[in-house]
Structure formats: C-alpha cells, structure tokens
$ cat protein35.cif   # mmCIF, C-alpha atoms
data_my_file
loop_
_atom_site.group_PDB
_atom_site.id
_atom_site.type_symbol
_atom_site.label_atom_id
_atom_site.label_comp_id
_atom_site.auth_asym_id
_atom_site.auth_seq_id
_atom_site.Cartn_x
_atom_site.Cartn_y
_atom_site.Cartn_z
ATOM 1 C CA MET A 565 -54.688 -65.280 -34.857
ATOM 2 C CA ASP A 566 -57.969 -63.447 -35.492
ATOM 3 C CA GLY A 567 -58.276 -60.014 -37.050
ATOM 4 C CA GLN A 568 -58.576 -58.132 -33.731
ATOM 5 C CA GLU A 569 -55.418 -59.711 -32.293
ATOM 6 C CA TYR A 570 -53.535 -58.794 -35.459
ATOM 7 C CA LEU A 571 -54.651 -55.151 -35.216
ATOM 8 C CA ASN A 572 -53.682 -55.011 -31.510
ATOM 9 C CA GLN A 573 -50.245 -56.389 -32.302
ATOM 10 C CA ILE A 574 -49.663 -53.775 -35.000
ATOM 11 C CA SER A 575 -50.826 -50.994 -32.679
ATOM 12 C CA ALA A 576 -48.486 -52.130 -29.890
ATOM 13 C CA SER A 577 -45.601 -52.343 -32.337
ATOM 14 C CA ASN A 578 -46.243 -48.798 -33.557
ATOM 15 C CA ARG A 579 -46.361 -47.458 -29.980
ATOM 16 C CA THR A 580 -43.036 -49.114 -29.199
ATOM 17 C CA ASN A 581 -41.443 -47.630 -32.310
ATOM 18 C CA ASP A 582 -42.793 -44.137 -31.498
ATOM 19 C CA GLN A 583 -41.490 -44.297 -27.915
ATOM 20 C CA SER A 584 -38.141 -45.566 -29.172
ATOM 21 C CA LYS A 585 -37.897 -42.687 -31.636
ATOM 22 C CA GLY A 586 -38.716 -40.207 -28.878
ATOM 23 C CA LYS A 587 -36.071 -41.637 -26.571
ATOM 24 C CA ASN A 588 -33.534 -41.714 -29.371
ATOM 25 C CA PHE A 589 -34.165 -38.035 -30.074
ATOM 26 C CA LEU A 590 -33.937 -36.992 -26.418
ATOM 27 C CA THR A 591 -30.700 -38.900 -25.948
ATOM 28 C CA SER A 592 -29.145 -37.962 -29.263
ATOM 29 C CA LYS A 593 -25.893 -35.997 -29.113
ATOM 30 C CA TYR A 594 -27.420 -33.197 -31.173
ATOM 31 C CA PHE A 595 -30.264 -32.666 -28.722
ATOM 32 C CA LEU A 596 -27.956 -32.870 -25.693
ATOM 33 C CA PHE A 597 -25.470 -30.464 -27.274
ATOM 34 C CA GLY A 598 -28.222 -27.982 -28.143
ATOM 35 C CA ALA A 599 -29.782 -28.178 -24.682
ATOM 36 C CA GLY A 600 -26.381 -27.740 -23.056
ATOM 37 C CA ALA A 601 -25.642 -24.694 -25.176
ATOM 38 C CA VAL A 602 -28.980 -23.086 -24.292
ATOM 39 C CA ILE A 603 -28.448 -23.713 -20.561
ATOM 40 C CA ALA A 604 -24.897 -22.330 -20.721
ATOM 41 C CA LEU A 605 -26.160 -19.212 -22.516
ATOM 42 C CA ILE A 606 -28.832 -18.645 -19.878
ATOM 43 C CA VAL A 607 -26.282 -19.028 -17.057
ATOM 44 C CA ILE A 608 -23.898 -16.565 -18.745
ATOM 45 C CA MET A 609 -26.709 -14.043 -19.198
ATOM 46 C CA ILE A 610 -27.738 -14.329 -15.544
ATOM 47 C CA ILE A 611 -24.160 -13.920 -14.297
ATOM 48 C CA GLY A 612 -23.631 -10.963 -16.610
ATOM 49 C CA ALA A 613 -26.817 -9.291 -15.388
ATOM 50 C CA VAL A 614 -25.822 -9.756 -11.751
ATOM 51 C CA LEU A 615 -22.324 -8.412 -12.306
ATOM 52 C CA SER A 616 -23.469 -5.432 -14.331
ATOM 53 C CA SER A 617 -26.184 -4.542 -11.810
ATOM 54 C CA GLY A 618 -23.609 -4.363 -9.046
ATOM 55 C CA LYS A 619 -21.182 -2.325 -11.115
ATOM 56 C CA SER A 620 -21.229 1.461 -11.091
ATOM 57 C CA SER A 621 -18.773 3.942 -12.496
ATOM 58 C CA GLU A 622 -16.529 6.019 -10.264
ATOM 59 C CA LYS A 623 -18.428 9.059 -11.505
ATOM 60 C CA ASP A 624 -21.820 7.696 -10.428
ATOM 61 C CA ASN A 625 -20.459 6.486 -7.090
ATOM 62 C CA SER A 626 -18.827 9.861 -6.436
ATOM 63 C CA ILE A 627 -21.939 11.849 -7.306
ATOM 64 C CA SER A 628 -24.068 9.543 -5.175
ATOM 65 C CA LEU A 629 -21.638 10.071 -2.273
ATOM 66 C CA MET A 630 -21.733 13.836 -2.776
ATOM 67 C CA LEU A 631 -25.529 13.920 -2.650
ATOM 68 C CA HIS A 632 -25.595 11.610 0.343
ATOM 69 C CA VAL A 633 -23.171 13.852 2.254
ATOM 70 C CA THR A 634 -25.052 17.039 1.287
ATOM 71 C CA ASN A 635 -28.454 15.617 2.230
ATOM 72 C CA THR A 636 -27.219 14.167 5.503
ATOM 73 C CA VAL A 637 -25.469 17.324 6.701
ATOM 74 C CA THR A 638 -28.629 19.314 5.967
ATOM 75 C CA THR A 639 -30.635 16.896 8.087
ATOM 76 C CA VAL A 640 -28.065 16.900 10.908
ATOM 77 C CA ASP A 641 -28.001 20.703 11.029
ATOM 78 C CA GLU A 642 -31.803 20.833 11.074
ATOM 79 C CA TYR A 643 -32.360 18.369 13.933
ATOM 80 C CA GLN A 644 -29.372 18.796 16.226
ATOM 81 C CA GLN A 645 -30.926 21.947 17.727
ATOM 82 C CA TYR A 646 -33.682 19.770 19.193
ATOM 83 C CA ILE A 647 -31.358 17.249 20.842
ATOM 84 C CA LYS A 648 -31.515 17.248 24.648
ATOM 85 C CA SER A 649 -28.251 15.431 25.466
ATOM 86 C CA SER A 650 -25.254 17.771 25.489
ATOM 87 C CA ASP A 651 -22.927 14.880 24.625
ATOM 88 C CA LEU A 652 -25.044 13.840 21.665
ATOM 89 C CA ARG A 653 -25.313 17.471 20.548
ATOM 90 C CA SER A 654 -21.515 17.711 20.657
ATOM 91 C CA SER A 655 -21.160 14.515 18.601
ATOM 92 C CA SER A 656 -23.721 15.826 16.131
ATOM 93 C CA SER A 657 -21.772 19.065 15.759
ATOM 94 C CA SER A 658 -18.573 17.095 15.096
ATOM 95 C CA PHE A 659 -20.395 14.942 12.533
ATOM 96 C CA SER A 660 -21.703 18.054 10.817
ATOM 97 C CA GLY A 661 -18.181 19.457 10.671
ATOM 98 C CA VAL A 662 -16.782 16.297 9.070
ATOM 99 C CA LEU A 663 -19.578 16.245 6.484
ATOM 100 C CA HIS A 664 -19.133 19.929 5.653
ATOM 101 C CA ASN A 665 -15.387 19.379 5.150
ATOM 102 C CA THR A 666 -16.001 16.325 2.967
ATOM 103 C CA GLU A 667 -18.554 18.247 0.923
ATOM 104 C CA LYS A 668 -16.163 21.195 0.555
ATOM 105 C CA ASP A 669 -13.343 18.901 -0.638
ATOM 106 C CA LEU A 670 -15.504 16.777 -2.916
ATOM 107 C CA LEU A 671 -17.159 19.615 -4.815
ATOM 108 C CA PRO A 672 -14.092 21.047 -6.629
ATOM 109 C CA TYR A 673 -12.878 17.547 -7.507
ATOM 110 C CA LEU A 674 -16.216 16.552 -9.025
ATOM 111 C CA GLU A 675 -16.544 19.856 -10.857
ATOM 112 C CA SER A 676 -13.098 19.586 -12.427
ATOM 113 C CA LYS A 677 -13.207 15.856 -13.107
ATOM 114 C CA TYR A 678 -16.831 15.341 -14.167
ATOM 115 C CA ASN A 679 -18.247 18.859 -14.694
ATOM 116 C CA TYR A 680 -20.519 18.148 -11.737
ATOM 117 C CA ASP A 681 -23.705 20.189 -11.509
ATOM 118 C CA ALA A 682 -26.210 19.332 -8.787
ATOM 119 C CA LYS A 683 -29.031 20.412 -11.096
ATOM 120 C CA LYS A 684 -27.992 17.948 -13.807
ATOM 121 C CA VAL A 685 -27.668 14.740 -11.788
ATOM 122 C CA SER A 686 -29.167 11.644 -13.434
ATOM 123 C CA ASP A 687 -32.746 10.846 -12.453
ATOM 124 C CA LYS A 688 -31.729 7.401 -11.182
ATOM 125 C CA ILE A 689 -29.119 8.692 -8.717
ATOM 126 C CA LEU A 690 -31.275 11.639 -7.668
ATOM 127 C CA ALA A 691 -34.319 9.460 -7.032
ATOM 128 C CA LYS A 692 -32.371 7.028 -4.830
ATOM 129 C CA THR A 693 -30.598 9.654 -2.712
ATOM 130 C CA THR A 694 -33.739 11.774 -2.367
ATOM 131 C CA SER A 695 -35.843 8.794 -1.333
ATOM 132 C CA ASP A 696 -33.302 7.704 1.284
ATOM 133 C CA ASN A 697 -33.062 11.202 2.757
ATOM 134 C CA GLU A 698 -36.827 11.636 2.862
ATOM 135 C CA ALA A 699 -37.109 8.374 4.792
ATOM 136 C CA LEU A 700 -34.458 9.593 7.266
ATOM 137 C CA ASN A 701 -36.210 12.938 7.762
ATOM 138 C CA ASN A 702 -39.573 11.256 8.248
ATOM 139 C CA GLU A 703 -38.179 8.984 10.971
ATOM 140 C CA LEU A 704 -36.522 11.877 12.773
ATOM 141 C CA PHE A 705 -39.663 13.994 12.540
ATOM 142 C CA GLU A 706 -41.752 11.195 14.040
ATOM 143 C CA ALA A 707 -39.160 10.717 16.789
ATOM 144 C CA LYS A 708 -39.207 14.448 17.569
ATOM 145 C CA ILE A 709 -42.959 14.698 17.969
ATOM 146 C CA ASN A 710 -42.972 11.508 20.062
ATOM 147 C CA GLY A 711 -40.261 12.763 22.395
ATOM 148 C CA ILE A 712 -37.652 10.126 21.513
ATOM 149 C CA LEU A 713 -35.465 12.146 19.164
ATOM 150 C CA ASP A 714 -32.163 11.641 21.010
ATOM 151 C CA ARG A 715 -32.320 7.854 20.852
ATOM 152 C CA ILE A 716 -33.505 7.677 17.240
ATOM 153 C CA PHE A 717 -31.126 10.402 16.097
ATOM 154 C CA ALA A 718 -28.116 8.560 17.573
ATOM 155 C CA HIS A 719 -29.225 5.285 15.966
ATOM 156 C CA LYS A 720 -29.845 6.836 12.544
ATOM 157 C CA MET A 721 -26.596 8.818 12.522
ATOM 158 C CA ALA A 722 -24.606 5.667 13.355
ATOM 159 C CA TYR A 723 -26.314 4.033 10.370
ATOM 160 C CA GLU A 724 -25.632 7.004 8.058
ATOM 161 C CA ILE A 725 -21.968 6.968 9.077
ATOM 162 C CA THR A 726 -21.631 3.284 8.143
ATOM 163 C CA MET A 727 -23.322 3.883 4.789
ATOM 164 C CA ILE A 728 -21.156 6.892 3.901
ATOM 165 C CA MET A 729 -18.033 4.991 4.962
ATOM 166 C CA ALA A 730 -19.093 2.070 2.754
ATOM 167 C CA GLU A 731 -19.506 4.402 -0.237
ATOM 168 C CA GLU A 732 -16.124 6.002 0.427
ATOM 169 C CA SER A 733 -14.455 2.614 0.845
ATOM 170 C CA GLN A 734 -15.778 1.434 -2.520
ATOM 171 C CA ILE A 735 -14.327 4.462 -4.296
ATOM 172 C CA ILE A 736 -11.036 4.279 -2.365
ATOM 173 C CA LYS A 737 -10.525 0.726 -3.616
ATOM 174 C CA THR A 738 -11.087 1.585 -7.267
ATOM 175 C CA THR A 739 -9.902 5.155 -7.881
ATOM 176 C CA LYS A 740 -6.545 5.735 -9.519
ATOM 177 C CA ASN A 741 -6.357 9.341 -8.337
ATOM 178 C CA ASP A 742 -4.079 9.537 -5.274
ATOM 179 C CA GLY A 743 -5.324 12.973 -4.221
ATOM 180 C CA TYR A 744 -8.937 11.806 -4.367
ATOM 181 C CA ARG A 745 -8.052 8.689 -2.383
ATOM 182 C CA ASP A 746 -6.352 10.795 0.295
ATOM 183 C CA LEU A 747 -9.382 13.066 0.521
ATOM 184 C CA LEU A 748 -11.703 10.116 1.054
ATOM 185 C CA ASN A 749 -9.354 8.419 3.517
ATOM 186 C CA THR A 750 -9.344 11.573 5.662
ATOM 187 C CA SER A 751 -13.136 11.656 5.690
ATOM 188 C CA TYR A 752 -13.328 7.907 6.345
ATOM 189 C CA SER A 753 -10.993 8.102 9.363
ATOM 190 C CA SER A 754 -12.922 11.024 10.866
ATOM 191 C CA LEU A 755 -16.236 9.186 10.474
ATOM 192 C CA GLU A 756 -14.736 6.037 11.962
ATOM 193 C CA ASN A 757 -13.735 7.990 15.064
ATOM 194 C CA LEU A 758 -17.268 9.356 15.428
ATOM 195 C CA TYR A 759 -19.159 6.111 14.901
ATOM 196 C CA ASN A 760 -18.887 4.815 18.488
ATOM 197 C CA LYS A 761 -20.129 8.097 19.924
ATOM 198 C CA PHE A 762 -23.458 7.500 18.190
ATOM 199 C CA SER A 763 -23.647 3.714 18.363
ATOM 200 C CA ASP A 764 -22.822 3.661 22.102
ATOM 201 C CA PHE A 765 -25.160 6.515 23.002
ATOM 202 C CA SER A 766 -27.493 5.887 25.923
ATOM 203 C CA GLU A 767 -30.036 8.304 27.378
ATOM 204 C CA THR A 768 -29.268 6.921 30.848
ATOM 205 C CA LYS A 769 -25.630 8.098 30.775
#
$ encode --input "protein35.cif" --output "structure tokens"
Amino acid sequence: MDGQEYLNQISASNRTNDQSKGKNFLTSKYFLFGAGAVIALIVIMIIGAVLSSGKSSEKDNSISLMLHVTNTVTTVDEYQQYIKSSDLRSSSSSFSGVLHNTEKDLLPYLESKYNYDAKKVSDKILAKTTSDNEALNNELFEAKINGILDRIFAHKMAYEITMIMAEESQIIKTTKNDGYRDLLNTSYSSLENLYNKFSDFSETK
C-alpha cells in the first residue's frame, strides 16, 4: 500500500466515524427527549393562544353587545325614513323597538354590575364596534344614493340581527345571573321573530 492509499483509507475511516457520531447523537434518547419536549411546549403554547384569543369576559361581551345595539338602533332610526316599502318600513320600526327595549334593559344592569360608562369603554372594544358600524353606515349610504336602499337595508338588517343574536346567545350560555339571562332571552326571541321579515324581503312583493 503506497502513501496516498494509506491517507485515503484514514480519511474514509474518519468520515465514517464522524457520520456515525452524528447519527448516534440524533438518535440518542437525550436528543429525542429534548426535541419532544420542545415540540410539546410549542403545541401547548399554540393551543393556549388560540383558546385565550377566543375567550372574552362576560363584562367585555356585554359591553360589546350594548354598543352594538346602540349603534345599530341609531343607524336603523336614521335610514328607515328613506325606505320605500311600507312592509319593510314596518319591520324596521319593529326592529328599532326591540333594540330600544334591549338597550333600556341592558343599561341599568351594566351600570350596577360593571359601573358601565359609555365614555370609558376600552379602546379595543370601542374600535371594533365603531369600525363595524361605520362599515354598515357606509354601505347604506351608498345604497341610498344609488337607489337600492330597500334591498340593501333588508339584507344588512338580517345580518345585524344574526350577529346580535349570536352575541346574546354567547352570554346566555355563560352568565350565572338568571335575571340577565331572562332579559337576553326576551330580546333573542323578539329578534328571531323579526329575522325572516328582513331575510325574505323582496322588492317585487
């Protein structure tokens, strides 16, 4: 064996040993245990973030509902005067009445339970409810100037009813206050009765 062959053999042997060491490390129980622990921690953190993001307190949900009801009834009262269909105008008036009653019943509960003050609502809740209402008003304004208010109004009010009912349903399921639950159930039932009047509206009727 000449000198070059000897050097090549040593080099190949060293590469084999290095690869073997690498494989041994990657398959060692310490490495696998550590990797498993890191993966488990990441999964737990992700699940926790998802659960916490979808979780809101009864206080926040109630205040959000209050603002939603207040904003929506203001919009309904502003635009129903421009509605051409007498049937849709009647449904709008009924919707306004339900929202006003819900607002009237909610306010004293929130004030006594959470010291509610509309001027001291958290920026996060205020930003969301304000943004949603501005979008609604913009769509109705565009519909009005384009002569299609009745159709768009009916569609948007059906949507608002489903959203308010969803908010009420969430609180109904979690609140431990029977009086509060009854209040929300009354509002929910009234909105449920109105939903079809908006969702089934047709300008050809």
$ resolve_selection --input "protein35.cif" --expression "the PyMOL selection byres ((chain A and resi 751) around 9)" --output "PyMOL selection string"
chain A and resi 662-663+665-666+729+732+746-750+752-756
$ write_last_selection --input "protein35.cif" --atoms "C-alpha atoms" --output "PDB file, in the coordinates of the input"
ATOM      1  CA  VAL A 662     -16.782  16.297   9.070  1.00  0.00           C
ATOM      2  CA  LEU A 663     -19.578  16.245   6.484  1.00  0.00           C
ATOM      3  CA  ASN A 665     -15.387  19.379   5.150  1.00  0.00           C
ATOM      4  CA  THR A 666     -16.001  16.325   2.967  1.00  0.00           C
ATOM      5  CA  MET A 729     -18.033   4.991   4.962  1.00  0.00           C
ATOM      6  CA  GLU A 732     -16.124   6.002   0.427  1.00  0.00           C
ATOM      7  CA  ASP A 746      -6.352  10.795   0.295  1.00  0.00           C
ATOM      8  CA  LEU A 747      -9.382  13.066   0.521  1.00  0.00           C
ATOM      9  CA  LEU A 748     -11.703  10.116   1.054  1.00  0.00           C
ATOM     10  CA  ASN A 749      -9.354   8.419   3.517  1.00  0.00           C
ATOM     11  CA  THR A 750      -9.344  11.573   5.662  1.00  0.00           C
ATOM     12  CA  TYR A 752     -13.328   7.907   6.345  1.00  0.00           C
ATOM     13  CA  SER A 753     -10.993   8.102   9.363  1.00  0.00           C
ATOM     14  CA  SER A 754     -12.922  11.024  10.866  1.00  0.00           C
ATOM     15  CA  LEU A 755     -16.236   9.186  10.474  1.00  0.00           C
ATOM     16  CA  GLU A 756     -14.736   6.037  11.962  1.00  0.00           C
TER      17      GLU A 756
END
$ closest_residue --input "protein35.cif" --among "A:Leu674, A:Asn679, A:Glu667, A:Asp641" --to "A:Ser655" --atoms "all atoms listed in the file"
A:Asp641
$ axis_aligned_box --input "protein35.cif" --around "stretch 689-696 of chain A" --padding-each-side "6 Å" --output "AutoDock Vina command-line options"
--center_x -32.5 --center_y 9.4 --center_z -3.7 --size_x 18.7 --size_y 16.7 --size_z 22.0
$ residues_around --input "protein35.cif" --residues "A:Glu703" --least-positions-apart "5" --cutoff "9 Å" --atoms "only C-alpha atoms" --output "PyMOL selection string"
chain A and resi 698+708+716-717+720
$ resolve_selection --input "protein35.cif" --expression "the PyMOL selection byres ((chain A and resi 628-638) around 7)" --output "JSON, numbers by chain"
{"A": [624, 625, 626, 627, 639, 640, 641, 642, 660, 663, 664, 667, 670, 689, 693, 697, 728, 731]}
$ atom_distance --input "protein35.cif" --atom1 "atom CA of A:Lys623" --atom2 "atom CA of A:Tyr678"
7.0 Å
$ atom_distance --input "protein35.cif" --atom1 "atom CA of A:Asn702" --atom2 "atom CA of A:Phe765"
21.2 Å
$ atom_distance --input "protein35.cif" --atom1 "atom CA of A:Arg745" --atom2 "atom CA of A:Met721"
23.8 Å
$ resolve_selection --input "protein35.cif" --expression "the PyMOL selection byres ((chain A and resi 764) around 12)" --output "list in words"
Asp651, Leu652, Ser655, Arg715, Ala718, His719, Met721, Ala722, Leu758, Tyr759, Asn760, Lys761, Phe762, Ser763, Phe765, Ser766, Glu767, Thr768 and Lys769 of chain A
$ build_atoms --input "protein35.cif" --residues "stretch 715-726 of chain A" --atoms "all heavy atoms" --output "tab-separated table (two decimals), in the coordinates of the input"
chain	number	residue	atom	x	y	z
A	715	ARG	N	-32.61	9.27	21.09
A	715	ARG	CA	-32.32	7.85	20.85
A	715	ARG	C	-32.35	7.51	19.37
A	715	ARG	O	-31.45	6.85	18.84
A	715	ARG	CB	-33.33	6.99	21.60
A	715	ARG	CG	-33.07	5.51	21.43
A	715	ARG	CD	-34.03	4.62	22.20
A	715	ARG	NE	-35.04	5.33	22.96
A	715	ARG	CZ	-36.35	5.08	22.84
A	715	ARG	NH1	-36.80	4.22	21.95
A	715	ARG	NH2	-37.23	5.72	23.60
A	716	ILE	N	-33.37	7.98	18.66
A	716	ILE	CA	-33.51	7.68	17.24
A	716	ILE	C	-32.44	8.40	16.43
A	716	ILE	O	-31.86	7.84	15.49
A	716	ILE	CB	-34.92	8.06	16.73
A	716	ILE	CG1	-35.98	7.27	17.49
A	716	ILE	CG2	-35.03	7.78	15.24
A	716	ILE	CD1	-35.84	5.76	17.40
A	717	PHE	N	-32.15	9.64	16.80
A	717	PHE	CA	-31.13	10.40	16.10
A	717	PHE	C	-29.77	9.70	16.18
A	717	PHE	O	-29.07	9.55	15.18
A	717	PHE	CB	-31.01	11.81	16.70
A	717	PHE	CG	-30.05	12.71	15.99
A	717	PHE	CD1	-30.45	13.46	14.89
A	717	PHE	CD2	-28.72	12.80	16.40
A	717	PHE	CE1	-29.55	14.30	14.22
A	717	PHE	CE2	-27.82	13.63	15.75
A	717	PHE	CZ	-28.24	14.38	14.65
A	718	ALA	N	-29.40	9.26	17.39
A	718	ALA	CA	-28.12	8.56	17.57
A	718	ALA	C	-28.06	7.29	16.72
A	718	ALA	O	-27.06	7.00	16.06
A	718	ALA	CB	-27.92	8.22	19.05
A	719	HIS	N	-29.17	6.54	16.73
A	719	HIS	CA	-29.22	5.28	15.97
A	719	HIS	C	-29.11	5.56	14.46
A	719	HIS	O	-28.35	4.88	13.75
A	719	HIS	CB	-30.54	4.56	16.28
A	719	HIS	CG	-30.81	3.40	15.38
A	719	HIS	ND1	-30.11	2.21	15.46
A	719	HIS	CD2	-31.70	3.24	14.37
A	719	HIS	CE1	-30.56	1.38	14.55
A	719	HIS	NE2	-31.52	1.97	13.86
A	720	LYS	N	-29.84	6.55	13.99
A	720	LYS	CA	-29.84	6.84	12.54
A	720	LYS	C	-28.52	7.42	12.08
A	720	LYS	O	-28.06	7.15	10.98
A	720	LYS	CB	-30.99	7.80	12.19
A	720	LYS	CG	-32.39	7.25	12.46
A	720	LYS	CD	-32.64	5.90	11.83
A	720	LYS	CE	-32.63	5.92	10.34
A	720	LYS	NZ	-32.95	4.62	9.74
A	721	MET	N	-27.88	8.24	12.92
A	721	MET	CA	-26.60	8.82	12.52
A	721	MET	C	-25.50	7.74	12.48
A	721	MET	O	-24.62	7.79	11.62
A	721	MET	CB	-26.19	9.95	13.46
A	721	MET	CG	-27.07	11.19	13.36
A	721	MET	SD	-27.28	11.80	11.66
A	721	MET	CE	-28.99	11.33	11.32
A	722	ALA	N	-25.56	6.78	13.40
A	722	ALA	CA	-24.61	5.67	13.36
A	722	ALA	C	-24.78	4.91	12.04
A	722	ALA	O	-23.79	4.51	11.40
A	722	ALA	CB	-24.82	4.73	14.55
A	723	TYR	N	-26.03	4.73	11.63
A	723	TYR	CA	-26.31	4.03	10.37
A	723	TYR	C	-25.81	4.85	9.17
A	723	TYR	O	-25.18	4.29	8.25
A	723	TYR	CB	-27.82	3.79	10.24
A	723	TYR	CG	-28.22	3.19	8.91
A	723	TYR	CD1	-28.00	1.83	8.65
A	723	TYR	CD2	-28.79	3.98	7.91
A	723	TYR	CE1	-28.36	1.28	7.43
A	723	TYR	CE2	-29.14	3.44	6.70
A	723	TYR	CZ	-28.93	2.09	6.45
A	723	TYR	OH	-29.28	1.56	5.24
A	724	GLU	N	-26.08	6.16	9.17
A	724	GLU	CA	-25.63	7.00	8.06
A	724	GLU	C	-24.11	7.00	7.94
A	724	GLU	O	-23.56	7.00	6.84
A	724	GLU	CB	-26.15	8.44	8.23
A	724	GLU	CG	-27.66	8.59	8.09
A	724	GLU	CD	-28.18	8.09	6.76
A	724	GLU	OE1	-27.54	8.35	5.72
A	724	GLU	OE2	-29.24	7.44	6.75
A	725	ILE	N	-23.43	7.00	9.09
A	725	ILE	CA	-21.97	6.97	9.08
A	725	ILE	C	-21.47	5.69	8.40
A	725	ILE	O	-20.56	5.72	7.57
A	725	ILE	CB	-21.40	7.08	10.51
A	725	ILE	CG1	-21.55	8.52	11.03
A	725	ILE	CG2	-19.92	6.67	10.55
A	725	ILE	CD1	-21.17	8.71	12.48
A	726	THR	N	-22.07	4.55	8.76
A	726	THR	CA	-21.63	3.28	8.14
A	726	THR	C	-21.89	3.28	6.65
A	726	THR	O	-21.07	2.76	5.87
A	726	THR	CB	-22.34	2.07	8.79
A	726	THR	OG1	-23.76	2.18	8.60
A	726	THR	CG2	-22.05	2.00	10.28
